[in-house]
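Q: As input, take start_31.pdb (PDB, C-alpha atoms):
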ATOM      1  CA  MET A  56     133.258 109.767 141.125
ATOM      2  CA  ARG A  57     135.405 111.638 143.662
ATOM      3  CA  ASP A  58     133.252 114.757 143.277
ATOM      4  CA  LEU A  59     130.041 112.907 144.038
ATOM      5  CA  THR A  60     128.583 113.422 147.487
ATOM      6  CA  LEU A  61     126.682 110.233 148.171
ATOM      7  CA  PRO A  62     123.373 111.056 149.859
ATOM      8  CA  THR A  63     122.937 109.774 153.451
ATOM      9  CA  PRO A  64     120.794 107.816 153.933
ATOM     10  CA  PHE A  65     121.491 106.611 150.446
ATOM     11  CA  ASP A  66     118.772 107.488 147.966
ATOM     12  CA  VAL A  67     119.245 106.592 144.338
ATOM     13  CA  ARG A  68     116.829 109.286 143.167
ATOM     14  CA  ALA A  69     118.712 112.002 145.023
ATOM     15  CA  LEU A  70     121.920 110.730 143.450
ATOM     16  CA  ALA A  71     120.305 110.844 140.004
ATOM     17  CA  ASP A  72     119.248 114.461 140.646
ATOM     18  CA  GLN A  73     122.774 115.336 141.715
ATOM     19  CA  ILE A  74     124.314 113.806 138.600
ATOM     20  CA  ALA A  75     121.704 115.543 136.434
ATOM     21  CA  ALA A  76     122.437 118.913 138.000
ATOM     22  CA  ARG A  77     126.158 118.428 137.499
ATOM     23  CA  ARG A  78     125.759 117.442 133.861
ATOM     24  CA  GLY A  79     123.131 120.092 133.169
ATOM     25  CA  ARG A  80     120.932 117.427 131.573
ATOM     26  CA  PRO A  81     117.761 116.118 133.192
ATOM     27  CA  ILE A  82     117.649 112.407 134.069
ATOM     28  CA  GLN A  83     114.253 110.727 134.019
ATOM     29  CA  LEU A  84     113.741 107.448 135.849
ATOM     30  CA  ILE A  85     110.943 105.509 134.199
ATOM     31  CA  PRO A  86     109.488 102.292 135.621
ATOM     32  CA  MET A  87     108.448  99.617 133.110
ATOM     33  CA  ALA A  88     106.825  96.254 133.726
ATOM     34  CA  ARG A  89     107.675  92.974 132.000
ATOM     35  CA  LEU A  90     111.189  93.820 130.884
ATOM     36  CA  THR A  91     111.998  90.143 130.312
ATOM     37  CA  GLY A  92     115.689  89.616 129.685
ATOM     38  CA  VAL A  93     116.552  93.263 130.151
ATOM     39  CA  CYS A  94     116.677  94.797 133.609
ATOM     40  CA  GLY A  95     117.330  98.319 132.588
ATOM     41  CA  LEU A  96     117.975 100.494 129.615
ATOM     42  CA  TRP A  97     119.598 103.870 129.217
ATOM     43  CA  ILE A  98     118.697 106.055 126.273
ATOM     44  CA  ALA A  99     120.318 109.418 125.646
ATOM     45  CA  THR A 100     118.470 111.886 123.473
ATOM     46  CA  ASP A 101     119.706 115.334 122.506
ATOM     47  CA  THR A 102     118.339 116.866 125.705
ATOM     48  CA  THR A 103     117.624 114.167 128.253
ATOM     49  CA  ASP A 104     118.903 110.927 129.748
ATOM     50  CA  LEU A 105     116.133 108.382 130.135
ATOM     51  CA  ILE A 106     116.612 105.403 132.432
ATOM     52  CA  PHE A 107     114.063 102.618 132.166
ATOM     53  CA  TYR A 108     113.985 100.031 134.923
ATOM     54  CA  GLU A 109     112.004  96.914 135.762
ATOM     55  CA  GLU A 110     109.373  97.771 138.353
ATOM     56  CA  GLU A 111     108.167  94.231 139.033
ATOM     57  CA  THR A 112     111.096  93.352 141.256
ATOM     58  CA  THR A 113     112.286  94.117 144.794
ATOM     59  CA  LEU A 114     113.204  97.676 145.746
ATOM     60  CA  PRO A 115     116.911  96.830 146.315
ATOM     61  CA  HIS A 116     117.029  95.229 142.867
ATOM     62  CA  GLN A 117     115.367  98.282 141.310
ATOM     63  CA  GLU A 118     117.950 100.463 143.021
ATOM     64  CA  HIS A 119     120.777  98.317 141.702
ATOM     65  CA  ILE A 120     119.420  98.494 138.149
ATOM     66  CA  ILE A 121     119.134 102.278 138.347
ATOM     67  CA  LEU A 122     122.665 102.513 139.749
ATOM     68  CA  HIS A 123     123.990 100.410 136.890
ATOM     69  CA  GLU A 124     122.341 102.665 134.339
ATOM     70  CA  LEU A 125     123.491 105.794 136.183
ATOM     71  CA  SER A 126     127.005 104.412 135.902
ATOM     72  CA  HIS A 127     126.536 104.286 132.138
ATOM     73  CA  VAL A 128     125.590 107.941 132.258
ATOM     74  CA  LEU A 129     128.636 108.772 134.385
ATOM     75  CA  CYS A 130     131.030 106.884 132.103
ATOM     76  CA  HIS A 131     129.422 108.190 128.986
ATOM     77  CA  HIS A 132     131.897 110.921 128.076
ATOM     78  CA  ASP A 133     135.008 108.835 128.720
ATOM     79  CA  PRO A 134     135.146 106.523 125.710
ATOM     80  CA  ALA A 135     134.329 107.902 122.264
ATOM     81  CA  PRO A 136     130.646 107.162 121.781
ATOM     82  CA  LEU A 137     129.783 104.578 119.149
ATOM     83  CA  PRO A 138     127.486 105.555 116.310
ATOM     84  CA  LEU A 139     123.905 104.455 116.926
ATOM     85  CA  ALA A 140     124.101 102.040 113.975
ATOM     86  CA  THR A 141     127.027 100.227 115.617
ATOM     87  CA  GLN A 142     125.178  99.990 118.923
ATOM     88  CA  ALA A 143     122.051  98.727 117.179
ATOM     89  CA  ARG A 144     123.966  95.856 115.568
ATOM     90  CA  GLN A 145     124.289  94.197 118.952
ATOM     91  CA  LEU A 146     120.535  94.380 119.450
ATOM     92  CA  LEU A 147     119.624  93.172 115.984
ATOM     93  CA  PRO A 148     121.783  90.131 115.229
ATOM     94  CA  ASP A 149     119.589  88.836 112.373
ATOM     95  CA  VAL A 150     119.423  92.057 110.416
ATOM     96  CA  ASP A 151     122.112  92.722 107.803
ATOM     97  CA  PRO A 152     124.579  95.324 109.233
ATOM     98  CA  VAL A 153     124.530  97.063 105.842
ATOM     99  CA  LEU A 154     120.789  97.583 106.239
ATOM    100  CA  ILE A 155     121.193  98.882 109.799
ATOM    101  CA  GLN A 156     123.792 101.333 108.544
ATOM    102  CA  ARG A 157     121.495 102.332 105.674
ATOM    103  CA  ILE A 158     118.557 103.014 108.004
ATOM    104  CA  LEU A 159     120.357 104.500 111.007
ATOM    105  CA  GLY A 160     123.306 105.888 109.082
ATOM    106  CA  ARG A 161     122.210 109.443 109.522
ATOM    107  CA  ALA A 162     122.349 109.097 113.290
ATOM    108  CA  GLY A 163     125.844 107.614 113.051
ATOM    109  CA  TYR A 164     126.929 110.374 110.766
ATOM    110  CA  SER A 165     125.642 113.016 113.130
ATOM    111  CA  THR A 166     127.524 111.370 116.002
ATOM    112  CA  GLU A 167     130.720 111.716 113.989
ATOM    113  CA  VAL A 168     129.895 115.272 113.140
ATOM    114  CA  GLU A 169     129.269 115.991 116.808
ATOM    115  CA  ARG A 170     132.620 114.490 117.720
ATOM    116  CA  GLU A 171     134.361 116.497 115.046
ATOM    117  CA  ALA A 172     132.644 119.668 116.226
ATOM    118  CA  GLU A 173     133.652 118.918 119.788
ATOM    119  CA  THR A 174     137.296 118.336 118.856
ATOM    120  CA  LEU A 175     137.351 121.500 116.845
ATOM    121  CA  ALA A 176     135.690 123.447 119.631
ATOM    122  CA  SER A 177     138.363 122.362 122.121
ATOM    123  CA  LEU A 178     141.136 123.120 119.636
ATOM    124  CA  ILE A 179     139.752 126.604 119.155
ATOM    125  CA  ARG A 180     139.405 126.988 122.893
ATOM    126  CA  GLN A 181     143.021 125.913 123.433
ATOM    127  CA  ARG A 182     144.344 128.250 120.833
ATOM    128  CA  ALA A 183     142.180 131.254 121.584
ATOM    129  CA  ARG A 184     144.165 133.819 123.529
ATOM    130  CA  PRO A 185     143.164 137.269 124.665
ATOM    131  CA  ASP A 186     146.032 139.007 122.796
ATOM    132  CA  THR A 187     144.521 138.849 119.308
ATOM    133  CA  GLY A 188     146.863 140.083 116.606
ATOM    134  CA  ARG A 189     149.991 138.514 118.077
ATOM    135  CA  THR A 190     149.124 134.855 117.644
ATOM    136  CA  PRO A 191     148.358 132.997 114.416
ATOM    137  CA  THR A 192     144.750 132.689 115.548
ATOM    138  CA  GLY A 193     144.613 136.411 116.207
ATOM    139  CA  ARG A 194     146.059 137.157 112.809
ATOM    140  CA  LEU A 195     143.560 134.745 111.273
ATOM    141  CA  HIS A 196     140.734 136.525 113.076
ATOM    142  CA  ALA A 197     142.012 139.844 111.811
ATOM    143  CA  ALA A 198     142.245 138.477 108.256
ATOM    144  CA  LEU A 199     138.711 137.115 108.451
ATOM    145  CA  ASP A 200     137.460 140.432 109.809
ATOM    146  CA  ASP A 201     139.110 142.253 106.889
ATOM    147  CA  ARG A 202     137.252 140.111 104.422
ATOM    148  CA  GLY A 203     134.047 141.536 105.823
ATOM    149  CA  HIS A 204     134.856 144.880 104.207
ATOM    150  CA  ASP A 205     134.701 143.510 100.651
TER
ATOM    151  CA  MET B 258      99.814  82.763 114.075
ATOM    152  CA  PRO B 259     101.731  82.091 110.875
ATOM    153  CA  GLU B 260     101.798  84.963 108.449
ATOM    154  CA  SER B 261     101.012  84.532 104.783
ATOM    155  CA  LEU B 262     103.759  85.068 102.232
ATOM    156  CA  ALA B 263     102.004  88.248 101.091
ATOM    157  CA  ALA B 264     101.962  89.565 104.676
ATOM    158  CA  LYS B 265     105.688  88.881 105.045
ATOM    159  CA  VAL B 266     106.561  90.621 101.785
ATOM    160  CA  ASP B 267     104.284  93.511 102.732
ATOM    161  CA  HIS B 268     105.938  93.809 106.143
ATOM    162  CA  LEU B 269     109.379  94.096 104.552
ATOM    163  CA  PHE B 270     108.242  96.830 102.172
ATOM    164  CA  ARG B 271     106.587  98.767 105.003
ATOM    165  CA  THR B 272     109.397  98.553 107.553
ATOM    166  CA  VAL B 273     112.598  98.465 105.497
ATOM    167  CA  ARG B 274     112.527 101.819 103.819
ATOM    168  CA  PRO B 275     115.207 104.037 102.349
ATOM    169  CA  ARG B 276     116.514 106.767 104.609
ATOM    170  CA  ASP B 277     114.237 109.821 104.775
ATOM    171  CA  GLY B 278     111.915 108.421 102.170
ATOM    172  CA  GLY B 279     108.863 106.363 101.400
ATOM    173  CA  GLU B 280     108.882 102.705 100.508
ATOM    174  CA  TYR B 281     111.117 101.138  97.885
ATOM    175  CA  SER B 282     109.276 100.850  94.585
ATOM    176  CA  PHE B 283     108.815  97.463  92.928
ATOM    177  CA  GLU B 284     111.034  98.697  90.075
ATOM    178  CA  GLU B 285     113.846  99.647  92.481
ATOM    179  CA  VAL B 286     113.771  96.229  94.142
ATOM    180  CA  ALA B 287     113.675  94.359  90.810
ATOM    181  CA  GLU B 288     116.531  96.466  89.450
ATOM    182  CA  ALA B 289     118.678  96.038  92.591
ATOM    183  CA  ILE B 290     118.220  92.253  92.498
ATOM    184  CA  ARG B 291     119.144  92.214  88.802
ATOM    185  CA  ALA B 292     122.188  94.431  89.428
ATOM    186  CA  LYS B 293     123.448  92.022  92.071
ATOM    187  CA  GLY B 294     123.283  89.148  89.596
ATOM    188  CA  GLY B 295     120.181  87.642  91.212
ATOM    189  CA  PRO B 296     117.342  85.841  89.455
ATOM    190  CA  THR B 297     115.131  87.730  87.028
ATOM    191  CA  ILE B 298     112.114  89.032  88.896
ATOM    192  CA  SER B 299     109.795  91.623  87.421
ATOM    193  CA  ALA B 300     108.289  94.596  89.212
ATOM    194  CA  THR B 301     104.841  93.259  88.346
ATOM    195  CA  TYR B 302     105.626  89.896  89.889
ATOM    196  CA  LEU B 303     106.832  91.594  93.093
ATOM    197  CA  TRP B 304     103.580  93.550  93.216
ATOM    198  CA  GLN B 305     101.604  90.308  92.760
ATOM    199  CA  LEU B 306     103.543  88.623  95.580
ATOM    200  CA  ARG B 307     102.848  91.523  97.918
ATOM    201  CA  LYS B 308      99.143  91.590  97.048
ATOM    202  CA  GLY B 309      98.844  87.825  97.453
ATOM    203  CA  LEU B 310      97.867  87.354  93.787
ATOM    204  CA  ARG B 311     100.816  84.973  93.370
ATOM    205  CA  ASP B 312     102.268  82.713  96.047
ATOM    206  CA  ASN B 313     104.548  80.394  94.090
ATOM    207  CA  PRO B 314     107.949  82.098  93.986
ATOM    208  CA  THR B 315     111.070  79.970  93.645
ATOM    209  CA  LYS B 316     113.477  79.577  96.546
ATOM    210  CA  ARG B 317     115.975  81.743  94.635
ATOM    211  CA  HIS B 318     113.399  84.521  94.294
ATOM    212  CA  LEU B 319     112.756  84.528  98.038
ATOM    213  CA  GLU B 320     116.476  84.414  98.834
ATOM    214  CA  ALA B 321     117.089  87.379  96.551
ATOM    215  CA  LEU B 322     114.187  89.286  98.127
ATOM    216  CA  ALA B 323     115.435  88.534 101.650
ATOM    217  CA  GLY B 324     118.918  89.650 100.575
ATOM    218  CA  PHE B 325     117.605  92.955  99.278
ATOM    219  CA  PHE B 326     115.752  93.693 102.505
ATOM    220  CA  GLY B 327     118.688  92.603 104.667
ATOM    221  CA  VAL B 328     117.033  89.684 106.446
ATOM    222  CA  PRO B 329     118.022  85.997 106.461
ATOM    223  CA  PRO B 330     116.106  83.788 103.968
ATOM    224  CA  ALA B 331     114.675  81.927 106.981
ATOM    225  CA  TYR B 332     112.367  84.929 107.313
ATOM    226  CA  PHE B 333     110.216  83.325 104.605
ATOM    227  CA  PHE B 334     110.574  79.688 105.623
ATOM    228  CA  ASP B 335     110.475  79.534 109.420
ATOM    229  CA  ASP B 336     107.611  81.181 111.340
ATOM    230  CA  ALA B 337     109.570  81.371 114.607
ATOM    231  CA  GLU B 338     112.291  83.273 112.742
ATOM    232  CA  THR B 339     109.681  85.514 111.121
ATOM    233  CA  GLU B 340     108.386  86.603 114.508
ATOM    234  CA  ARG B 341     111.857  87.331 115.843
ATOM    235  CA  ILE B 342     113.030  89.167 112.722
ATOM    236  CA  ASN B 343     109.825  91.209 112.608
ATOM    237  CA  ALA B 344     110.520  92.253 116.200
ATOM    238  CA  GLU B 345     114.044  93.278 115.202
ATOM    239  CA  LEU B 346     112.720  95.243 112.236
ATOM    240  CA  ASP B 347     110.159  96.995 114.434
ATOM    241  CA  LEU B 348     112.927  97.948 116.839
ATOM    242  CA  LEU B 349     115.025  99.227 113.955
ATOM    243  CA  THR B 350     112.088 101.377 112.809
ATOM    244  CA  ALA B 351     111.592 102.687 116.347
ATOM    245  CA  LEU B 352     115.293 103.596 116.537
ATOM    246  CA  ARG B 353     115.105 105.340 113.183
ATOM    247  CA  ASP B 354     112.144 107.485 114.220
ATOM    248  CA  ALA B 355     113.280 108.358 117.743
ATOM    249  CA  PRO B 356     115.592 111.278 118.536
ATOM    250  CA  ILE B 357     118.178 108.988 120.122
ATOM    251  CA  ARG B 358     121.915 109.560 120.401
ATOM    252  CA  GLN B 359     123.018 106.630 122.528
ATOM    253  CA  ILE B 360     121.480 103.460 123.815
ATOM    254  CA  ALA B 361     122.939 101.055 126.337
ATOM    255  CA  LEU B 362     121.660  97.886 127.871
ATOM    256  CA  ARG B 363     122.971  94.591 129.098
ATOM    257  CA  ALA B 364     121.406  92.046 126.819
ATOM    258  CA  ASN B 365     122.371  89.188 124.584
ATOM    259  CA  GLY B 366     120.151  87.074 122.403
ATOM    260  CA  LEU B 367     116.976  88.889 123.374
ATOM    261  CA  SER B 368     113.646  87.184 122.800
ATOM    262  CA  ALA B 369     111.141  88.581 120.332
ATOM    263  CA  LYS B 370     109.060  89.699 123.315
ATOM    264  CA  SER B 371     111.941  91.636 124.876
ATOM    265  CA  LEU B 372     112.733  93.267 121.556
ATOM    266  CA  GLN B 373     109.105  94.391 121.348
ATOM    267  CA  THR B 374     109.281  95.809 124.868
ATOM    268  CA  ILE B 375     112.381  97.789 123.936
ATOM    269  CA  ALA B 376     110.682  99.058 120.779
ATOM    270  CA  GLU B 377     107.760 100.179 122.988
ATOM    271  CA  MET B 378     110.146 102.006 125.306
ATOM    272  CA  ILE B 379     111.801 103.722 122.383
ATOM    273  CA  ASP B 380     108.423 104.728 121.016
ATOM    274  CA  ARG B 381     107.747 106.376 124.390
ATOM    275  CA  VAL B 382     110.920 108.465 124.105
ATOM    276  CA  ARG B 383     109.165 110.710 121.629
ATOM    277  CA  GLU B 384     106.277 111.161 124.064
ATOM    278  CA  LEU B 385     108.622 111.838 126.996
ATOM    279  CA  GLU B 386     110.458 114.451 124.971
ATOM    280  CA  GLY B 387     107.138 116.032 124.023
ATOM    281  CA  LEU B 388     107.654 115.421 120.299
ATOM    282  CA  PRO B 389     104.810 114.589 117.926
ATOM    283  CA  GLN B 390     104.428 110.945 116.920
ATOM    284  CA  PRO B 391     105.919 110.081 113.527
ATOM    285  CA  THR B 392     103.321 109.719 110.808
ATOM    286  CA  THR B 393     104.233 106.240 109.634
ATOM    287  CA  PRO B 394     101.468 104.203 108.041
ATOM    288  CA  ASP B 395     102.597 101.086 109.898
ATOM    289  CA  THR B 396     102.036 102.184 113.481
ATOM    290  CA  PRO B 397      99.908  99.481 115.114
TER
END
So that I can check it, write out the structure of this file as structure tokens.

A:
Amino acid sequence: MRDLTLPTPFDVRALADQIAARRGRPIQLIPMARLTGVCGLWIATDTTDLIFYEEETTLPHQEHIILHELSHVLCHHDPAPLPLATQARQLLPDVDPVLIQRILGRAGYSTEVEREAETLASLIRQRARPDTGRTPTGRLHAALDDRGHD
Amino acid sequence: MPESLAAKVDHLFRTVRPRDGGEYSFEEVAEAIRAKGGPTISATYLWQLRKGLRDNPTKRHLEALAGFFGVPPAYFFDDAETERINAELDLLTALRDAPIRQIALRANGLSAKSLQTIAEMIDRVRELEGLPQPTTPDTP
């Protein structure tokens, strides 16, 4: 939040562009009509953040909806993301959670895998030091390299 | 417009499918119901229900069938519930087929209409990402 330079005069689209540039992921703002009961929706795919907002309302309200969804995007990496199946349960109260897990389980699994990969990546990053050979990681690298000669 | 029993059974088979696969077979459903200690229901009878050749199942049969497909028994008995649950199932299918990692919205107790709108939005995700549409037989 501190790093954000709020555009003057304020323009929610410019702010979205700024956040997108900082995250290295495009943000698409997509107007939708007749979003009864839902003002806005944020969907993250592997490459893009999509923000849907109600277009049949006043401009200040549209801006507020977009800001709310942008805040989701900004907060996204703070808490551990829930698997898609867990998120879907809230949307689908009548459907058996076991069924939701069965159908969307793969997505949930991949979220866990992603998290695991991320943790591992940062562990490796923390441990990696330039002086290979002197640290356990360096020795491990050397050992792994040796195996290549088999 | 109220759906016939056959249409409801057919909808469950078409939308509630095993992961990465086609529809459940009548044998699989019959066997799963038997394994859970449910009433005896033959694969042939299930096929007849789906085709509309039989429309006289017992309440226990319908409860077991609803249980297998993960929907409340009211799906078969209450047309307002059918509409809402169908909307939820359509949304579930849309979520399954879309390349989505996260979804967030402020919403509680959404109407069937809102659920359909969300399913439409999710269907558009594929388009927006430039991916081909999934080849499901049940796309409207």

Q: Residues of chain A within 7 Å of chain B, counting all atoms listed in the file - could you list those as a VMD selection string?

A: chain A and resid 90 to 93 95 to 101 139 147 149 to 151 154 157 to 159

Q: Could you take the residues named above and write them with C-alpha atoms, as a compact mmCIF listing (two decimals), in the coordinates of the input?

A:
# COMPACT_ATOMS: atom_id res chain seq x y z
CA LEU A 90 111.19 93.82 130.88
CA THR A 91 112.00 90.14 130.31
CA GLY A 92 115.69 89.62 129.68
CA VAL A 93 116.55 93.26 130.15
CA GLY A 95 117.33 98.32 132.59
CA LEU A 96 117.98 100.49 129.62
CA TRP A 97 119.60 103.87 129.22
CA ILE A 98 118.70 106.06 126.27
CA ALA A 99 120.32 109.42 125.65
CA THR A 100 118.47 111.89 123.47
CA ASP A 101 119.71 115.33 122.51
CA LEU A 139 123.90 104.46 116.93
CA LEU A 147 119.62 93.17 115.98
CA ASP A 149 119.59 88.84 112.37
CA VAL A 150 119.42 92.06 110.42
CA ASP A 151 122.11 92.72 107.80
CA LEU A 154 120.79 97.58 106.24
CA ARG A 157 121.50 102.33 105.67
CA ILE A 158 118.56 103.01 108.00
CA LEU A 159 120.36 104.50 111.01

Q: I'd like to see the residues matched by the PyMOL selection byres ((chain B and resi 309-315) around 10) on this file, and ideally I'd get them as a list in words.

A: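 Applied to this file, the PyMOL selection byres ((chain B and resi 309-315) around 10) returns Ser261, Leu262, Ala263, Ala264, Val266, Asp267, Pro296, Ile298, Tyr302, Leu303, Trp304, Gln305, Leu306, Arg307, Lys308, Lys316, Arg317, His318, Leu319, Glu320 and Ala321 of chain B.
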
Q: Hey, can you spit out that residue selection with C-alpha atoms as an mmCIF file, keeping the file's coordinate frame?

A:
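Output saved as again_27.cif:
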data_model
loop_
_atom_site.group_PDB
_atom_site.id
_atom_site.type_symbol
_atom_site.label_atom_id
_atom_site.label_comp_id
_atom_site.auth_asym_id
_atom_site.auth_seq_id
_atom_site.Cartn_x
_atom_site.Cartn_y
_atom_site.Cartn_z
ATOM 1 C CA SER B 261 101.012 84.532 104.783
ATOM 2 C CA LEU B 262 103.759 85.068 102.232
ATOM 3 C CA ALA B 263 102.004 88.248 101.091
ATOM 4 C CA ALA B 264 101.962 89.565 104.676
ATOM 5 C CA VAL B 266 106.561 90.621 101.785
ATOM 6 C CA ASP B 267 104.284 93.511 102.732
ATOM 7 C CA PRO B 296 117.342 85.841 89.455
ATOM 8 C CA ILE B 298 112.114 89.032 88.896
ATOM 9 C CA TYR B 302 105.626 89.896 89.889
ATOM 10 C CA LEU B 303 106.832 91.594 93.093
ATOM 11 C CA TRP B 304 103.580 93.550 93.216
ATOM 12 C CA GLN B 305 101.604 90.308 92.760
ATOM 13 C CA LEU B 306 103.543 88.623 95.580
ATOM 14 C CA ARG B 307 102.848 91.523 97.918
ATOM 15 C CA LYS B 308 99.143 91.590 97.048
ATOM 16 C CA LYS B 316 113.477 79.577 96.546
ATOM 17 C CA ARG B 317 115.975 81.743 94.635
ATOM 18 C CA HIS B 318 113.399 84.521 94.294
ATOM 19 C CA LEU B 319 112.756 84.528 98.038
ATOM 20 C CA GLU B 320 116.476 84.414 98.834
ATOM 21 C CA ALA B 321 117.089 87.379 96.551
#

Q: Could you jot down the CA of Phe107 in chain A to CA of Met87 in chain A separation for me, Å, one decimal place?

A: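 Separation of CA of Phe107 in chain A and CA of Met87 in chain A: 6.4 Å.
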
Q: Quick one: pull the distance between CA of Thr141 in chain A and CA of Ala287 in chain B, Å, one decimal.

A: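 About the pair CA of Thr141 in chain A and CA of Ala287 in chain B: they are 28.8 Å apart.
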
Q: CA of Glu110 in chain A to CA of Arg77 in chain A: how many Å, to one decimal?

A: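 A separation of 26.6 Å between them.
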
Q: Would you write out, as a PyMOL selection string, every residue that the PyMOL selection byres ((chain A and resi 116-120) around 10) captures in this file?

A: chain A and resi 66-68+86+93-96+106-115+121-126

Q: With distances taken over only C-alpha atoms, which residue among B:Ala300, B:Ala351, B:Ala289, B:Leu269 lies nearest Thr339 in chain B?

A: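 Smallest separation from Thr339 in chain B among the options: B:Leu269.
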
Q: Specify the axis-aligned box that encloses all atoms of range 60-65 of chain A listed in the file after padding of 4 Å on each side, stating its centre and edge lengths in Å to one decimal as lines of an AutoDock Vina configuration file.

A:
center_x = 124.7
center_y = 110.0
center_z = 150.7
size_x = 15.8
size_y = 14.8
size_z = 14.4
